[in-house]
file data_25.cif (mmCIF, C-alpha atoms)
data_upload
loop_
_atom_site.label_atom_id
_atom_site.label_comp_id
_atom_site.auth_asym_id
_atom_site.auth_seq_id
_atom_site.Cartn_x
_atom_site.Cartn_y
_atom_site.Cartn_z
CA MET A 1 0.49 -9.82 35.36
CA MET A 2 -1.33 -8.89 32.19
CA ARG A 3 -1.77 -12.55 31.34
CA ARG A 4 -3.37 -13.14 34.74
CA GLY A 5 -5.68 -10.15 34.25
CA SER A 6 -6.84 -11.33 30.86
CA GLN A 7 -7.37 -14.83 32.23
CA LEU A 8 -9.48 -13.40 35.02
CA ARG A 9 -11.49 -11.38 32.50
CA ALA A 10 -12.04 -14.43 30.29
CA THR A 11 -13.14 -16.51 33.28
CA SER A 12 -15.52 -13.78 34.41
CA PHE A 13 -17.10 -13.56 30.95
CA LEU A 14 -17.39 -17.34 30.83
CA ALA A 15 -19.14 -17.32 34.21
CA ILE A 16 -21.52 -14.63 32.91
CA ALA A 17 -22.17 -16.73 29.80
CA VAL A 18 -22.91 -19.84 31.84
CA VAL A 19 -25.28 -17.97 34.15
CA LEU A 20 -26.99 -16.32 31.16
CA ALA A 21 -27.31 -19.66 29.37
CA VAL A 22 -28.77 -21.34 32.44
CA VAL A 23 -31.27 -18.50 32.93
CA LEU A 24 -32.27 -18.58 29.25
CA LEU A 25 -32.54 -22.36 29.15
CA SER A 26 -34.56 -22.51 32.35
CA PHE A 27 -36.79 -19.48 32.20
CA ALA A 28 -37.14 -18.55 28.52
CA ARG A 29 -40.73 -19.76 28.41
CA VAL A 30 -41.69 -18.25 31.77
CA LEU A 31 -40.23 -14.88 30.83
CA HIS A 32 -41.79 -15.10 27.32
CA LEU A 33 -38.36 -14.53 25.80
CA ASP A 34 -39.38 -16.41 22.66
CA GLY A 35 -41.03 -13.14 21.60
CA MET A 36 -37.51 -11.76 21.19
CA ARG A 37 -37.10 -14.16 18.29
CA ASP A 38 -39.93 -12.41 16.50
CA VAL A 39 -38.15 -9.08 16.93
CA ALA A 40 -34.84 -10.56 15.76
CA ALA A 41 -36.49 -12.13 12.70
CA THR A 42 -37.96 -8.76 11.74
CA VAL A 43 -34.61 -6.98 12.20
CA PHE A 44 -32.60 -9.61 10.29
CA GLU A 45 -35.14 -10.04 7.46
CA PRO A 46 -33.85 -7.37 5.02
CA PHE A 47 -30.22 -8.43 5.52
CA GLN A 48 -31.02 -12.11 5.08
CA ALA A 49 -33.03 -11.41 1.93
CA ALA A 50 -30.14 -9.38 0.50
CA PHE A 51 -27.49 -11.99 1.34
CA THR A 52 -29.64 -14.81 -0.02
CA GLY A 53 -29.71 -12.89 -3.31
CA VAL A 54 -25.92 -12.55 -3.14
CA GLY A 55 -25.67 -16.30 -2.52
CA ASP A 56 -27.74 -17.02 -5.62
CA GLY A 57 -25.37 -14.77 -7.57
CA ILE A 58 -22.30 -16.58 -6.21
CA ARG A 59 -23.75 -19.96 -7.10
CA GLY A 60 -24.55 -18.69 -10.58
CA ALA A 61 -21.03 -17.29 -10.94
CA PHE A 62 -19.45 -20.61 -9.89
CA SER A 63 -21.57 -22.42 -12.42
CA THR A 64 -20.54 -19.93 -15.11
CA VAL A 65 -16.82 -20.25 -14.20
CA ASP A 66 -17.12 -24.02 -14.36
CA SER A 67 -18.65 -23.78 -17.81
CA ILE A 68 -15.95 -21.36 -18.97
CA GLY A 69 -13.26 -23.82 -17.92
CA ARG A 70 -14.76 -26.55 -20.06
CA VAL A 71 -15.33 -24.31 -23.03
CA GLU A 72 -11.83 -22.82 -22.87
CA THR A 73 -10.24 -26.16 -23.54
CA GLU A 74 -12.37 -26.54 -26.63
CA ASN A 75 -11.90 -23.12 -28.14
CA ARG A 76 -10.00 -20.23 -26.61
CA ALA A 77 -10.93 -17.78 -29.32
CA LEU A 78 -14.62 -18.00 -28.42
CA LYS A 79 -14.02 -17.54 -24.71
CA GLN A 80 -15.61 -14.14 -24.31
CA GLN A 81 -18.58 -15.00 -26.45
CA VAL A 82 -19.11 -18.25 -24.60
CA THR A 83 -18.80 -16.48 -21.24
CA ASP A 84 -21.58 -14.10 -22.22
CA LEU A 85 -23.71 -16.91 -23.53
CA GLN A 86 -23.09 -18.96 -20.40
CA ARG A 87 -24.07 -16.05 -18.21
CA GLU A 88 -27.27 -15.65 -20.14
CA LEU A 89 -27.83 -19.37 -20.04
CA THR A 90 -27.32 -19.47 -16.26
CA THR A 91 -29.81 -16.67 -15.83
CA ALA A 92 -32.24 -18.39 -18.15
CA ARG A 93 -31.79 -21.70 -16.33
CA GLN A 94 -32.39 -20.04 -12.97
CA ALA A 95 -35.54 -18.45 -14.36
CA GLU A 96 -36.59 -21.75 -15.91
CA SER A 97 -35.98 -23.58 -12.64
CA THR A 98 -38.02 -21.00 -10.73
CA ASN A 99 -40.77 -21.15 -13.36
CA ARG A 100 -40.82 -24.94 -13.17
CA GLN A 101 -41.07 -24.82 -9.37
CA LEU A 102 -43.89 -22.29 -9.55
CA GLN A 103 -45.73 -24.32 -12.23
CA GLN A 104 -45.37 -27.47 -10.14
CA MET A 105 -46.69 -25.61 -7.11
CA LEU A 106 -49.69 -24.41 -9.10
CA ASP A 107 -50.34 -27.99 -10.24
CA LEU A 108 -50.02 -29.25 -6.67
CA ARG A 109 -52.33 -26.54 -5.40
CA ALA A 110 -54.91 -27.41 -8.02
CA ALA A 111 -54.58 -31.13 -7.27
CA LEU A 112 -55.01 -30.60 -3.53
CA ASN A 113 -57.66 -27.93 -4.02
CA VAL A 114 -56.30 -25.62 -1.31
CA HIS A 115 -56.07 -21.90 -0.84
CA SER A 116 -52.45 -20.94 -0.41
CA ILE A 117 -49.99 -18.09 -0.45
CA GLY A 118 -46.60 -18.22 -2.14
CA ALA A 119 -43.42 -17.13 -0.35
CA ASP A 120 -39.68 -16.85 -1.02
CA VAL A 121 -37.23 -18.68 1.23
CA ILE A 122 -35.00 -15.96 2.65
CA ALA A 123 -32.97 -17.70 5.38
CA ARG A 124 -32.11 -21.05 6.89
CA ASP A 125 -31.16 -22.10 10.40
CA PRO A 126 -27.59 -21.16 11.35
CA ASP A 127 -26.20 -24.61 12.16
CA GLY A 128 -28.17 -27.07 10.07
CA LEU A 129 -28.89 -28.99 13.28
CA SER A 130 -32.50 -27.89 13.66
CA PRO A 131 -33.68 -27.77 10.05
CA THR A 132 -35.78 -24.64 9.65
CA ILE A 133 -36.24 -22.03 6.94
CA THR A 134 -37.46 -18.46 7.12
CA ILE A 135 -40.03 -17.48 4.49
CA ARG A 136 -41.19 -14.04 3.39
CA ALA A 137 -44.84 -14.36 4.46
CA GLY A 138 -46.25 -13.75 7.91
CA LYS A 139 -49.24 -12.65 9.93
CA ASN A 140 -49.92 -9.83 7.45
CA ASN A 141 -50.44 -12.45 4.74
CA GLY A 142 -52.73 -14.66 6.82
CA VAL A 143 -50.07 -17.15 7.93
CA ARG A 144 -50.67 -18.77 11.33
CA LYS A 145 -48.73 -21.17 13.53
CA GLY A 146 -49.12 -24.82 12.58
CA MET A 147 -50.05 -24.24 8.93
CA ALA A 148 -48.61 -26.73 6.46
CA VAL A 149 -45.96 -25.49 4.04
CA LEU A 150 -45.70 -27.06 0.59
CA GLY A 151 -42.94 -27.07 -2.00
CA PRO A 152 -43.30 -27.64 -5.74
CA ARG A 153 -43.90 -31.39 -5.36
CA GLY A 154 -45.06 -31.93 -1.80
CA LEU A 155 -44.92 -31.20 1.90
CA VAL A 156 -41.95 -29.20 3.16
CA GLY A 157 -42.83 -28.60 6.82
CA ARG A 158 -45.02 -26.54 9.10
CA VAL A 159 -45.00 -23.01 10.46
CA VAL A 160 -43.62 -22.82 14.01
CA GLN A 161 -43.18 -19.07 14.44
CA VAL A 162 -44.90 -16.14 12.77
CA GLN A 163 -43.94 -12.47 12.59
CA GLY A 164 -45.58 -9.66 10.64
CA ALA A 165 -43.79 -10.25 7.35
CA THR A 166 -41.86 -13.49 7.93
CA SER A 167 -42.36 -16.96 9.39
CA GLN A 168 -40.15 -19.83 10.49
CA VAL A 169 -40.89 -23.26 9.08
CA GLN A 170 -39.80 -26.48 10.74
CA LEU A 171 -38.85 -28.82 7.89
CA ILE A 172 -39.88 -32.47 7.66
CA SER A 173 -36.14 -33.30 7.76
CA ASP A 174 -36.09 -32.25 11.43
CA PRO A 175 -35.76 -35.39 13.60
CA GLN A 176 -38.10 -33.69 16.11
CA ASN A 177 -40.83 -33.40 13.47
CA PRO A 178 -42.12 -36.89 12.58
CA VAL A 179 -44.90 -36.97 9.99
CA GLY A 180 -47.81 -39.40 10.01
CA VAL A 181 -47.88 -40.89 6.50
CA MET A 182 -49.43 -43.68 4.50
CA LEU A 183 -48.25 -45.55 1.45
CA ALA A 184 -50.23 -44.18 -1.47
CA PRO A 185 -50.68 -47.57 -3.22
CA SER A 186 -51.74 -49.61 -0.15
CA HIS A 187 -52.95 -46.94 2.32
CA LEU A 188 -50.89 -48.57 5.08
CA SER A 189 -50.13 -46.01 7.80
CA GLY A 190 -46.75 -45.34 9.28
CA SER A 191 -44.46 -42.67 10.59
CA LEU A 192 -41.84 -40.76 8.59
CA ARG A 193 -38.88 -39.47 10.56
CA VAL A 194 -35.21 -38.65 10.21
CA SER A 195 -32.83 -40.76 12.24
CA GLU A 196 -29.03 -40.70 12.05
CA GLY A 197 -29.24 -38.39 9.04
CA LYS A 198 -31.52 -40.73 7.05
CA MET A 199 -35.22 -40.37 6.35
CA LYS A 200 -37.13 -43.55 7.07
CA VAL A 201 -40.75 -44.62 7.04
CA GLU A 202 -41.72 -47.12 9.71
CA ILE A 203 -44.85 -49.19 9.25
CA PRO A 204 -45.97 -50.96 12.43
CA SER A 205 -47.99 -54.17 12.21
CA ALA A 206 -47.21 -54.59 8.53
CA PRO A 207 -48.81 -57.57 6.77
CA VAL A 208 -46.45 -60.41 5.86
CA ASP A 209 -47.16 -60.00 2.15
CA LEU A 210 -46.31 -56.28 2.21
CA ARG A 211 -44.92 -55.03 -1.09
CA ILE A 212 -43.14 -51.71 -1.26
CA ASN A 213 -41.54 -50.60 -4.50
CA THR A 214 -38.90 -47.97 -5.11
CA GLY A 215 -40.67 -44.78 -6.12
CA ASP A 216 -43.83 -45.50 -4.13
CA VAL A 217 -45.17 -42.19 -2.88
CA LEU A 218 -45.89 -41.49 0.79
CA VAL A 219 -48.72 -39.08 1.52
CA THR A 220 -49.78 -37.53 4.81
CA SER A 221 -52.24 -39.70 6.72
CA GLY A 222 -53.77 -36.82 8.69
CA ILE A 223 -53.32 -38.90 11.85
CA GLY A 224 -52.15 -36.75 14.74
CA GLY A 225 -53.81 -33.67 13.28
CA ASN A 226 -50.54 -31.90 12.45
CA TYR A 227 -50.93 -31.98 8.68
CA PRO A 228 -53.78 -32.10 6.18
CA LYS A 229 -54.50 -35.53 4.74
CA GLY A 230 -53.32 -36.68 1.33
CA VAL A 231 -50.37 -34.35 0.69
CA PRO A 232 -47.37 -36.05 -1.00
CA VAL A 233 -44.39 -36.05 1.40
CA ALA A 234 -41.69 -38.40 0.20
CA GLU A 235 -40.97 -41.36 -2.01
CA VAL A 236 -39.42 -44.70 -1.18
CA VAL A 237 -35.83 -45.15 -2.35
CA HIS A 238 -34.96 -48.49 -0.72
CA TYR A 239 -36.86 -51.27 0.98
CA GLN A 240 -35.82 -54.65 2.24
CA TYR A 241 -38.31 -57.01 3.84
CA GLN A 242 -37.39 -57.84 7.44
CA ALA A 243 -38.50 -61.42 8.03
CA TYR A 244 -38.61 -61.34 11.82
CA GLY A 245 -39.83 -57.80 12.46
CA ALA A 246 -43.36 -56.87 13.43
CA ALA A 247 -42.68 -53.46 11.87
CA GLN A 248 -41.20 -52.81 8.45
CA SER A 249 -39.14 -49.80 7.47
CA ALA A 250 -37.96 -48.29 4.20
CA ASP A 251 -35.58 -45.48 3.26
CA ALA A 252 -37.32 -42.47 1.79
CA THR A 253 -36.41 -39.11 0.30
CA PRO A 254 -38.49 -35.91 0.41
CA MET A 255 -40.42 -34.99 -2.74
CA ASP A 256 -38.48 -31.72 -2.90
CA ASN A 257 -34.79 -31.02 -2.32
CA LEU A 258 -35.18 -29.23 1.02
CA ASN A 259 -31.66 -27.77 0.89
CA ARG A 260 -32.24 -26.02 -2.42
CA ILE A 261 -35.88 -25.02 -2.20
CA GLU A 262 -36.37 -21.36 -3.15
CA VAL A 263 -40.14 -20.86 -3.13
CA VAL A 264 -42.88 -22.45 -1.05
CA MET A 265 -46.59 -22.02 -0.48
CA VAL A 266 -48.47 -21.99 2.80
CA ASP A 267 -51.75 -23.92 2.96
CA LEU A 268 -54.12 -21.32 4.41
CA ASP A 269 -57.05 -23.75 4.68
CA PHE A 270 -55.54 -26.15 7.16
CA VAL A 271 -55.91 -25.42 10.88
CA PRO A 272 -53.99 -27.95 12.97
CA ASP A 273 -55.47 -29.66 16.03
CA ILE A 274 -52.32 -28.94 18.00
CA VAL A 275 -50.52 -25.64 17.43
CA PRO A 276 -46.73 -26.03 17.87
CA VAL B 277 -13.16 1.46 19.16
CA THR B 278 -13.46 -2.31 19.11
CA ALA B 279 -17.10 -2.11 20.22
CA TRP B 280 -17.87 -0.18 17.04
CA ILE B 281 -16.36 -3.05 15.09
CA THR B 282 -17.59 -5.90 17.27
CA TYR B 283 -21.32 -5.56 17.26
CA PRO B 284 -21.95 -4.61 13.62
CA SER B 285 -19.55 -7.33 12.50
CA LEU B 286 -21.27 -9.93 14.70
CA PHE B 287 -24.64 -8.86 13.36
CA LEU B 288 -23.28 -9.17 9.82
CA MET B 289 -21.82 -12.61 10.55
CA VAL B 290 -25.13 -13.87 11.98
CA ALA B 291 -27.02 -12.54 8.95
CA LEU B 292 -24.48 -14.26 6.67
CA GLN B 293 -24.63 -17.45 8.73
CA THR B 294 -28.39 -17.72 8.28
CA SER B 295 -28.58 -16.70 4.63
CA LEU B 296 -25.32 -17.19 2.73
CA ALA B 297 -23.67 -20.08 4.63
CA PRO B 298 -26.51 -22.58 3.95
CA GLN B 299 -26.11 -21.89 0.23
CA LEU B 300 -22.41 -22.75 0.45
CA GLU B 301 -23.26 -26.12 1.98
CA ILE B 302 -21.27 -29.09 0.66
CA GLY B 303 -23.02 -32.32 1.55
CA ARG B 304 -24.23 -31.59 5.08
CA ALA B 305 -21.22 -29.42 5.95
CA ARG B 306 -21.40 -25.67 6.20
CA PRO B 307 -18.95 -23.09 7.58
CA GLU B 308 -19.67 -21.67 11.05
CA LEU B 309 -18.91 -18.02 10.34
CA VAL B 310 -19.72 -16.59 13.79
CA LEU B 311 -17.66 -19.28 15.47
CA CYS B 312 -14.71 -18.64 13.15
CA TRP B 313 -14.97 -14.89 13.79
CA VAL B 314 -14.93 -15.36 17.57
CA ILE B 315 -12.10 -17.90 17.54
CA CYS B 316 -10.02 -15.65 15.27
CA TRP B 317 -10.44 -12.76 17.66
CA ALA B 318 -9.35 -14.95 20.58
CA VAL B 319 -6.30 -16.13 18.64
CA VAL B 320 -5.33 -12.67 17.38
CA ARG B 321 -6.13 -10.61 20.44
CA GLY B 322 -6.56 -12.75 23.56
CA ARG B 323 -7.31 -10.74 26.71
CA GLY B 324 -10.68 -12.43 27.16
CA GLU B 325 -12.32 -10.09 24.65
CA ALA B 326 -13.49 -12.97 22.47
CA VAL B 327 -15.56 -14.45 25.32
CA ALA B 328 -17.54 -11.21 25.50
CA TRP B 329 -17.97 -11.34 21.70
CA ALA B 330 -19.11 -14.92 22.08
CA ILE B 331 -21.89 -13.92 24.48
CA ALA B 332 -23.21 -11.29 22.07
CA GLY B 333 -22.84 -13.60 19.07
CA GLY B 334 -24.44 -16.47 20.98
CA VAL B 335 -27.48 -14.38 21.89
CA LEU B 336 -27.93 -13.32 18.24
CA LEU B 337 -27.59 -16.92 17.04
CA ASP B 338 -30.05 -18.08 19.70
CA LEU B 339 -32.55 -15.54 18.43
CA THR B 340 -32.25 -16.72 14.83
CA SER B 341 -32.23 -20.45 15.62
CA GLN B 342 -34.96 -22.81 16.78
CA LEU B 343 -32.62 -24.48 19.30
CA PRO B 344 -33.31 -23.73 23.00
CA LEU B 345 -32.43 -20.15 23.97
CA GLY B 346 -29.04 -20.14 25.69
CA SER B 347 -27.56 -23.09 23.83
CA HIS B 348 -25.47 -21.00 21.44
CA VAL B 349 -24.35 -18.65 24.24
CA LEU B 350 -23.03 -21.61 26.20
CA ALA B 351 -21.37 -23.36 23.25
CA LEU B 352 -19.78 -20.24 21.78
CA ALA B 353 -18.54 -18.85 25.12
CA LEU B 354 -16.98 -22.18 26.01
CA VAL B 355 -15.09 -22.34 22.71
CA ALA B 356 -14.00 -18.70 22.96
CA PHE B 357 -12.74 -19.31 26.50
CA LEU B 358 -10.70 -22.33 25.37
CA ALA B 359 -9.26 -20.43 22.40
CA ASP B 360 -8.39 -17.51 24.68
CA LEU B 361 -6.75 -19.92 27.11
CA GLY B 362 -4.73 -21.36 24.24
CA HIS B 363 -3.67 -17.87 23.17
CA ASN B 364 -2.44 -17.05 26.69
CA PHE B 365 -0.75 -20.40 27.11
CA LEU B 366 1.02 -20.40 23.76
CA ARG B 367 1.38 -16.61 23.54
CA GLY B 368 0.79 -17.09 19.86
CA SER B 369 -1.26 -15.49 17.13
CA THR B 370 -0.20 -17.68 14.23
CA LEU B 371 -2.36 -18.90 11.38
CA LEU B 372 -1.52 -22.49 12.33
CA PHE B 373 -2.90 -21.93 15.83
CA ALA B 374 -6.03 -20.35 14.32
CA LEU B 375 -6.56 -23.38 12.09
CA VAL B 376 -6.09 -25.88 14.92
CA ALA B 377 -8.24 -23.82 17.30
CA THR B 378 -11.00 -23.59 14.68
CA PHE B 379 -10.99 -27.32 14.02
CA VAL B 380 -11.05 -28.27 17.71
CA GLY B 381 -13.42 -25.40 18.55
CA SER B 382 -15.86 -26.46 15.82
CA LEU B 383 -15.99 -29.97 17.25
CA VAL B 384 -16.59 -28.66 20.81
CA TYR B 385 -19.19 -26.15 19.59
CA GLY B 386 -20.96 -28.70 17.41
CA GLY B 387 -20.77 -31.28 20.19
CA VAL B 388 -22.50 -29.00 22.71
CA LEU B 389 -25.25 -28.06 20.22
CA VAL B 390 -25.74 -31.69 19.15
CA LEU B 391 -26.33 -32.61 22.79
CA PHE B 392 -29.13 -30.03 22.91
CA VAL B 393 -30.63 -31.26 19.63
CA THR B 394 -30.42 -35.00 20.10
CA GLY B 395 -31.10 -35.06 23.84
CA MET B 396 -27.93 -37.09 24.36
CA VAL B 397 -29.21 -40.15 22.49
CA ARG B 398 -25.87 -41.84 21.93
CA HIS B 399 -26.21 -43.17 18.37
CA GLU B 400 -27.81 -39.91 17.21
CA VAL B 401 -24.95 -37.87 18.75
CA LEU B 402 -22.34 -40.02 17.02
CA ALA B 403 -24.10 -39.96 13.65
CA THR B 404 -24.51 -36.18 13.70
CA MET B 405 -20.95 -35.60 14.88
CA LEU B 406 -19.48 -37.77 12.09
CA GLY B 407 -21.92 -36.83 9.35
CA GLN B 408 -22.29 -33.12 9.94
CA VAL B 409 -20.08 -31.60 12.63
CA LEU B 410 -16.77 -33.15 11.53
CA PRO B 411 -17.08 -32.13 7.84
CA GLY B 412 -18.34 -28.74 9.02
CA ALA B 413 -15.19 -28.34 11.14
CA VAL B 414 -13.02 -28.94 8.06
CA TYR B 415 -15.07 -26.39 6.12
CA SER B 416 -14.72 -23.84 8.93
CA VAL B 417 -10.93 -24.32 8.91
CA VAL B 418 -10.96 -23.13 5.29
CA ALA B 419 -13.29 -20.24 6.07
CA VAL B 420 -11.14 -19.03 8.96
CA ILE B 421 -8.11 -18.25 6.77
CA PRO B 422 -9.35 -14.96 5.25
CA MET B 423 -10.94 -13.99 8.59
CA PHE B 424 -7.62 -14.46 10.38
CA PHE B 425 -5.82 -12.04 8.09
CA LEU B 426 -8.69 -9.54 8.20
CA LEU B 427 -8.86 -9.55 12.01
CA ARG B 428 -5.09 -9.44 12.36
CA SER B 429 -5.00 -6.32 10.23
CA LEU B 430 -7.80 -4.85 12.37
CA ASP B 431 -5.84 -5.69 15.51
CA ARG B 432 -2.77 -3.93 14.13
CA ARG B 433 -4.88 -0.90 13.28
CA PHE B 434 -6.44 -0.80 16.75
CA PRO B 435 -3.78 -2.29 19.04
CA VAL B 436 -4.37 -3.11 22.69
CA PRO B 437 -3.42 -0.08 24.83
CA VAL B 438 -0.33 -0.93 26.87
CA ALA B 439 -0.48 -0.05 30.57
CA PRO B 440 2.34 2.29 31.66
CA GLU B 441 5.09 0.69 33.70
CA TRP B 442 6.16 2.47 36.89
#

call {"tool": "encode", "arguments": {"input": "data_25.cif", "output": "structure tokens"}}
result
Amino acid sequence: MMRRGSQLRATSFLAIAVVLAVVLLSFARVLHLDGMRDVAATVFEPFQAAFTGVGDGIRGAFSTVDSIGRVETENRALKQQVTDLQRELTTARQAESTNRQLQQMLDLRAALNVHSIGADVIARDPDGLSPTITIRAGKNNGVRKGMAVLGPRGLVGRVVQVQGATSQVQLISDPQNPVGVMLAPSHLSGSLRVSEGKMKVEIPSAPVDLRINTGDVLVTSGIGGNYPKGVPVAEVVHYQYQAYGAAQSADATPMDNLNRIEVVMVDLDFVPDIVP
Amino acid sequence: VTAWITYPSLFLMVALQTSLAPQLEIGRARPELVLCWVICWAVVRGRGEAVAWAIAGGVLLDLTSQLPLGSHVLALALVAFLADLGHNFLRGSTLLFALVATFVGSLVYGGVLVLFVTGMVRHEVLATMLGQVLPGAVYSVVAVIPMFFLLRSLDRRFPVPVAPEW
């Protein structure tokens, strides 16, 4: 009897969930429910920032433990001393890494001659299926929808949602976010997109004598009006000439490690033609 | 009493899912903490409670994700319903059942979300399932172990009230 009751309850909740999902999927835009995401982002922001800090600590601790293991085998007597030194070293390395990223961003900003604002990455999308990050800069800092977001070495993505103090950035690793690019050496235009987990650049109507080398840099072409022109995006990691194809394609990798990026800057100068 | 535990814990899990879980990523796999939490509750408690948790958790995940609103509600409620069904059918709250339910549930959950992301393009669905969802399911199986024991101890502390027999 109880089993039947609980089954009925579960089925009822499932029916409610299905109806709710259908309503949300169908009418979210009409009912302007996307605004709820802004509220949620504001509410979650302090918690996400705190947990991201905890995550950094955990990663640092793992790295320290790993180092201890290696040092222990060499000299047990110095274990405590080495642990302390490793902890300091980890902290110093983290600081050095952050400094390097910030210095690279300053160099990139100077090279591109843009006005920008720096921001910490405080959260990422829950499933990894729609690659987005949340950054600690929003309307209050002059951030607007569609603005380009840069990492230490190049383009990271673009702003798709803005709240007062935070914004969501759609990364260039999102399959739904193709980027118009050109090969820096030859200025041949193409499209950079992620397909089946791999980033590829496709160059339509490529000349038969096309030469692409590993390490060639791809920069934004400005075509489509989504991104400013001339920003480094990715570099070629593998290319094989396809004899019978009108289009050529090459494997590429983003300039920055998008999974580990900690600080970004938002290009405040660029106003996109089409706001996402 | 459970409501006092449910909603703060779901909020906490969603905050962890969006901040801590991505930092624990191995390759492209990351643990699905909210999913594990909901499945564990279904395995430990049954009674359809987990499906209600799934709705609340799904709404919170929808609000923190860029996927279409409603996609997480649907995926999470479906998995919770199946786990609850399994609990009723097997009348079991064992760790082994939790592990199997998490693995299968992760694949179902990931599968539903992948359909929303890829728009049912067949080769994209397959690539994402094999490259991301499957390793993520294995990761979630590991993550569910401490949650199972935590929720089982909570269940023992706040047992289901038994209806009087006449």

call {"tool": "resolve_selection", "arguments": {"input": "data_25.cif", "expression": "the PyMOL selection byres ((chain B) within 7 of (chain A))", "output": "count of residues only"}}
result
32

call {"tool": "resolve_selection", "arguments": {"input": "data_25.cif", "expression": "the PyMOL selection byres ((chain B and resi 329) around 9)", "output": "PyMOL selection string"}}
result
chain B and resi 282-283+286+314+317+325-328+330-334+353+356

call {"tool": "resolve_selection", "arguments": {"input": "data_25.cif", "expression": "the PyMOL selection byres ((chain A and resi 218) around 9)", "output": "short mmCIF file (atom, residue, chain, number, x, y, z; two decimals) with C-alpha atoms, in the frame of the given file"}}
result
data_model
loop_
_atom_site.label_atom_id
_atom_site.label_comp_id
_atom_site.auth_asym_id
_atom_site.auth_seq_id
_atom_site.Cartn_x
_atom_site.Cartn_y
_atom_site.Cartn_z
CA VAL A 181 -47.88 -40.89 6.50
CA MET A 182 -49.43 -43.68 4.50
CA LEU A 183 -48.25 -45.55 1.45
CA ALA A 184 -50.23 -44.18 -1.47
CA PRO A 185 -50.68 -47.57 -3.22
CA LEU A 192 -41.84 -40.76 8.59
CA VAL A 201 -40.75 -44.62 7.04
CA ASP A 216 -43.83 -45.50 -4.13
CA VAL A 217 -45.17 -42.19 -2.88
CA VAL A 219 -48.72 -39.08 1.52
CA THR A 220 -49.78 -37.53 4.81
CA SER A 221 -52.24 -39.70 6.72
CA GLY A 230 -53.32 -36.68 1.33
CA VAL A 231 -50.37 -34.35 0.69
CA PRO A 232 -47.37 -36.05 -1.00
CA VAL A 233 -44.39 -36.05 1.40
CA ALA A 234 -41.69 -38.40 0.20
CA GLU A 235 -40.97 -41.36 -2.01
CA VAL A 236 -39.42 -44.70 -1.18
CA ALA A 252 -37.32 -42.47 1.79
#

call {"tool": "atom_distance", "arguments": {"input": "data_25.cif", "atom1": "CA of Glu308 (chain B)", "atom2": "CA of Asp256 (chain A)"}}
result
25.5 Å

call {"tool": "atom_distance", "arguments": {"input": "data_25.cif", "atom1": "CA of Lys139 (chain A)", "atom2": "CA of Ala95 (chain A)"}}
result
28.5 Å

call {"tool": "closest_residue", "arguments": {"input": "data_25.cif", "among": "B:Cys316, B:Glu301, B:Val417, B:Pro284", "to": "His363 (chain B)", "atoms": "only C-alpha atoms"}}
result
B:Cys316
